[in-house]
Each structure stands twice: as C-alpha cells, then as structure tokens.
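See below for the structure under consideration.
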Amino acid sequence: TPDGSAPFRHELMHALSFGLWGQPAQPEAWVVEGLGTLAPGRCGPFSLHQLAAALADEGRLVPLDTLLQYTYANTDDVVIYAESASFLAFVLERYGPAVLRQLWQQSLTPTAANLGTTPETLEAAWRARLAAIPVADRYVDWNHVRTRGCE
C-alpha cells in the first residue's frame, strides 16, 4: 500500500500457504500472489471477478499461459495479482479448497489433468464466468485499487 503497511490477510496467506503446503510448484509467482490476493476476498468495493472482467474489457487480461510465466519483474503487478486471484477464486468456487492446494503443490497442468480437463478448458470456463458479469458491474476504479490495495 502507499503508506507502506502490508495488507494483513494477504501476507498472512503467504505465511500459511508456505508453512502448510511447502514451496509452490514452478512457476510460482502467479499462484503465490493470486492466493495472497484471494485471501481478503475483495479489493475494496470490487469483487475479484469484477477486477478481471474490467481487465478483459480494457484488453489487459492476459492469456493463462502468459500468466503462468509471470515473474515479479516482467509485468504490471495490479493486473497479475487481480487476474491470478480471480482465476483462483473461480477454481475455488468450482472445485473447492483441496484443488487450490493441488495447484500450489503440482502446478496447473497436472491439476487440470487430475480434474479430467485441460488448462485451456479451465481458462475458457473462467472467461465465460467473467463474461457473464453484467456490463454495469464491470467498472473498476483502478486508482482506488492502486492506492488502497485489496485489504
């Protein structure tokens, strides 16, 4: 956050996930930050899916295979954190918390295979979930998100 304070639930989720689940599978940054951003459940007045739908409308939602290559140095953190959190929220809604742990420990492709699907099919279903959000609910004040964070 701009004042330097760490959002508590986000950072607590990092400590818990590493402590309980161990090191994440590679690549790790998207799932680490996505899970941290998922912890508060919202980003101020905006749902995580609202954030991703707004990114899609703005042409800034990256393909899932690009998201998986995220490193802390190569992209806009707000986009990646919001997109990762929305995707993980979708997985949580559809499959439950055990699959989040599996994603953490095994990565996306093996987890999708264990579910009898593919990453591409999961991505298409997630994007369909975002597309179903009414247009009136897709506005996000990105300045609010950047200055207040998701806590």
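Ordered as shown in the structure tokens, chains take letters A, B, and onward, while each chain numbers its residues from 1 and ligands are numbered from 1 in the order shown.
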
For this session: From the DSSP assignment of the backbone, select every residue of chain A that is strand (DSSP E or B), and format the answer as a PyMOL selection string.
Result: chain A and resi 42-43+46-47

Would you write out those residues with N, CA and C atoms, as a compact mmCIF listing (two decimals), in the first residue's frame?
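Below is the file that was written, result_30.txt:
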# COMPACT_ATOMS: atom_id res chain seq x y z
N ARG A 42 -11.93 -9.66 -1.67
CA ARG A 42 -12.36 -8.50 -2.45
C ARG A 42 -11.19 -7.54 -2.56
N CYS A 43 -11.37 -6.56 -3.38
CA CYS A 43 -10.38 -5.49 -3.49
C CYS A 43 -11.15 -4.20 -3.25
N PHE A 46 -14.69 -3.81 -4.83
CA PHE A 46 -14.75 -4.59 -6.06
C PHE A 46 -14.48 -6.07 -5.80
N SER A 47 -15.27 -6.94 -6.43
CA SER A 47 -15.01 -8.38 -6.34
C SER A 47 -13.81 -8.71 -7.21

Exercise. Skipping near chain neighbours, those fewer than 6 positions away, what residues fall within 9 Å of stretch 112-124 of chain A using only C-alpha atoms, listed as a VMD selection string?
Worked result: chain A and resid 63 to 65 87 91 95 99 103

Keeping N, CA, C and O atoms for every residue in the selection just given, could you write it to a file as an mmCIF file, in the first residue's frame?
data_model
loop_
_atom_site.group_PDB
_atom_site.id
_atom_site.type_symbol
_atom_site.label_atom_id
_atom_site.label_comp_id
_atom_site.auth_asym_id
_atom_site.auth_seq_id
_atom_site.Cartn_x
_atom_site.Cartn_y
_atom_site.Cartn_z
ATOM 1 N N PRO A 63 -3.546 -13.960 -21.492
ATOM 2 C CA PRO A 63 -3.867 -15.388 -21.589
ATOM 3 C C PRO A 63 -3.270 -16.145 -20.399
ATOM 4 O O PRO A 63 -2.231 -15.761 -19.861
ATOM 5 N N LEU A 64 -3.914 -17.223 -20.029
ATOM 6 C CA LEU A 64 -3.477 -18.001 -18.873
ATOM 7 C C LEU A 64 -2.037 -18.492 -19.026
ATOM 8 O O LEU A 64 -1.263 -18.448 -18.069
ATOM 9 N N ASP A 65 -1.643 -18.908 -20.207
ATOM 10 C CA ASP A 65 -0.258 -19.378 -20.367
ATOM 11 C C ASP A 65 0.747 -18.249 -20.158
ATOM 12 O O ASP A 65 1.864 -18.476 -19.698
ATOM 13 N N PHE A 87 -8.828 -16.023 -11.138
ATOM 14 C CA PHE A 87 -8.755 -17.395 -11.630
ATOM 15 C C PHE A 87 -8.798 -18.382 -10.458
ATOM 16 O O PHE A 87 -9.525 -19.379 -10.494
ATOM 17 N N VAL A 91 -11.526 -21.337 -9.502
ATOM 18 C CA VAL A 91 -11.174 -22.726 -9.178
ATOM 19 C C VAL A 91 -11.755 -23.106 -7.813
ATOM 20 O O VAL A 91 -12.329 -24.191 -7.656
ATOM 21 N N TYR A 95 -14.290 -26.097 -7.681
ATOM 22 C CA TYR A 95 -13.685 -27.369 -7.263
ATOM 23 C C TYR A 95 -13.367 -27.475 -5.773
ATOM 24 O O TYR A 95 -13.063 -28.563 -5.302
ATOM 25 N N VAL A 99 -8.374 -28.388 -4.298
ATOM 26 C CA VAL A 99 -7.785 -28.191 -5.627
ATOM 27 C C VAL A 99 -6.843 -26.987 -5.619
ATOM 28 O O VAL A 99 -5.839 -26.983 -6.337
ATOM 29 N N LEU A 103 -3.098 -27.187 -6.921
ATOM 30 C CA LEU A 103 -2.497 -26.212 -7.841
ATOM 31 C C LEU A 103 -1.177 -25.701 -7.290
ATOM 32 O O LEU A 103 -0.197 -25.567 -8.025
#

Pull the closest atom pair for each residue of stretch 21-62 of chain A that gets at most 6 Å from stretch 126-149 of chain A, along with the distance in Å to one decimal, counting only C-alpha atoms, ordering rows by chain and then ascending residue number, as JSON lines.
{"residue": "A:Gln50", "atom": "CA", "partner": "A:Arg138", "partner_atom": "CA", "distance": 5.5}
{"residue": "A:Ala53", "atom": "CA", "partner": "A:Leu130", "partner_atom": "CA", "distance": 5.2}
{"residue": "A:Ala54", "atom": "CA", "partner": "A:Arg138", "partner_atom": "CA", "distance": 5.1}

Problem set entry | One-decimal distance in Å that lies between atom CA of A:Ala82 and atom CA of A:Tyr70 |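 These two atoms are separated by 12.7 Å.
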
Exercise. Could you pull out the alpha helix (DSSP H) residues of chain A from DSSP and send them as JSON, numbers by chain?
Worked result: {"A": [8, 9, 10, 11, 12, 13, 14, 15, 16, 17, 18, 19, 20, 21, 29, 30, 31, 32, 33, 34, 35, 36, 37, 38, 48, 49, 50, 51, 52, 53, 54, 55, 56, 57, 64, 65, 66, 67, 77, 78, 79, 80, 81, 82, 83, 84, 85, 86, 87, 88, 89, 90, 91, 92, 93, 94, 95, 97, 98, 99, 100, 101, 102, 103, 104, 105, 106, 108, 109, 110, 111, 112, 113, 114, 119, 120, 121, 122, 123, 124, 125, 126, 127, 128, 129, 130, 131, 142, 143, 144, 145, 146, 147, 148]}

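Of the listed residues A:Leu35, A:Ala25, A:Ala85, A:Ala52, the one whose atoms come nearest to A:Gln102 is A:Ala25, with distances taken using only C-alpha atoms.
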
Problem set entry | Contacts of A:Pro7 at 10 Å (only C-alpha atoms; same-chain gap of 4+ positions) as a list of chain:residue names | A:Thr1, A:Glu11, A:Leu12, A:Gly36, A:Thr37, A:Pro40, A:Arg148, A:Gly149, A:Cys150, A:Glu151

Exercise. Which is closer to A:Pro27 than all the others in A:Val79, A:Leu67, A:Leu51, A:Ala125, using only C-alpha atoms?
Worked result: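 Under the stated criterion, the closest residue is A:Leu67.
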
Problem set entry | Pairwise distance for atom CA of A:Phe18 and atom CA of A:Leu61, rounded to one decimal in Å |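 Distance between the two atoms: 27.2 Å.
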
Exercise. Between A:Ala73, A:Ala15, A:Gln23, A:Leu38, which has the minimum distance to A:Pro97 (counting only C-alpha atoms)?
Worked result: A:Leu38

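We find atom CA of A:Trp30 and atom CA of A:Ser86 to be spaced 11.3 Å apart.
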
Problem set entry | Residue nearest A:Ala98 among A:Pro45, A:Leu16, A:Gln26, A:Trp21 (counting only C-alpha atoms) |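 For A:Ala98, the nearest of the given residues is A:Trp21.
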
Problem set entry | Minimum-distance residue to A:Ser17, chosen among A:Thr111, A:Trp104, A:Gly96, A:Val78 (using only C-alpha atoms) |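 Of all the options, A:Trp104 lies closest to A:Ser17.
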
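Of the residues listed (A:Leu92, A:Leu20, A:Glu28, A:Phe8), A:Glu28 shows the shortest atom-to-atom separation from A:Leu68; distances use only C-alpha atoms.
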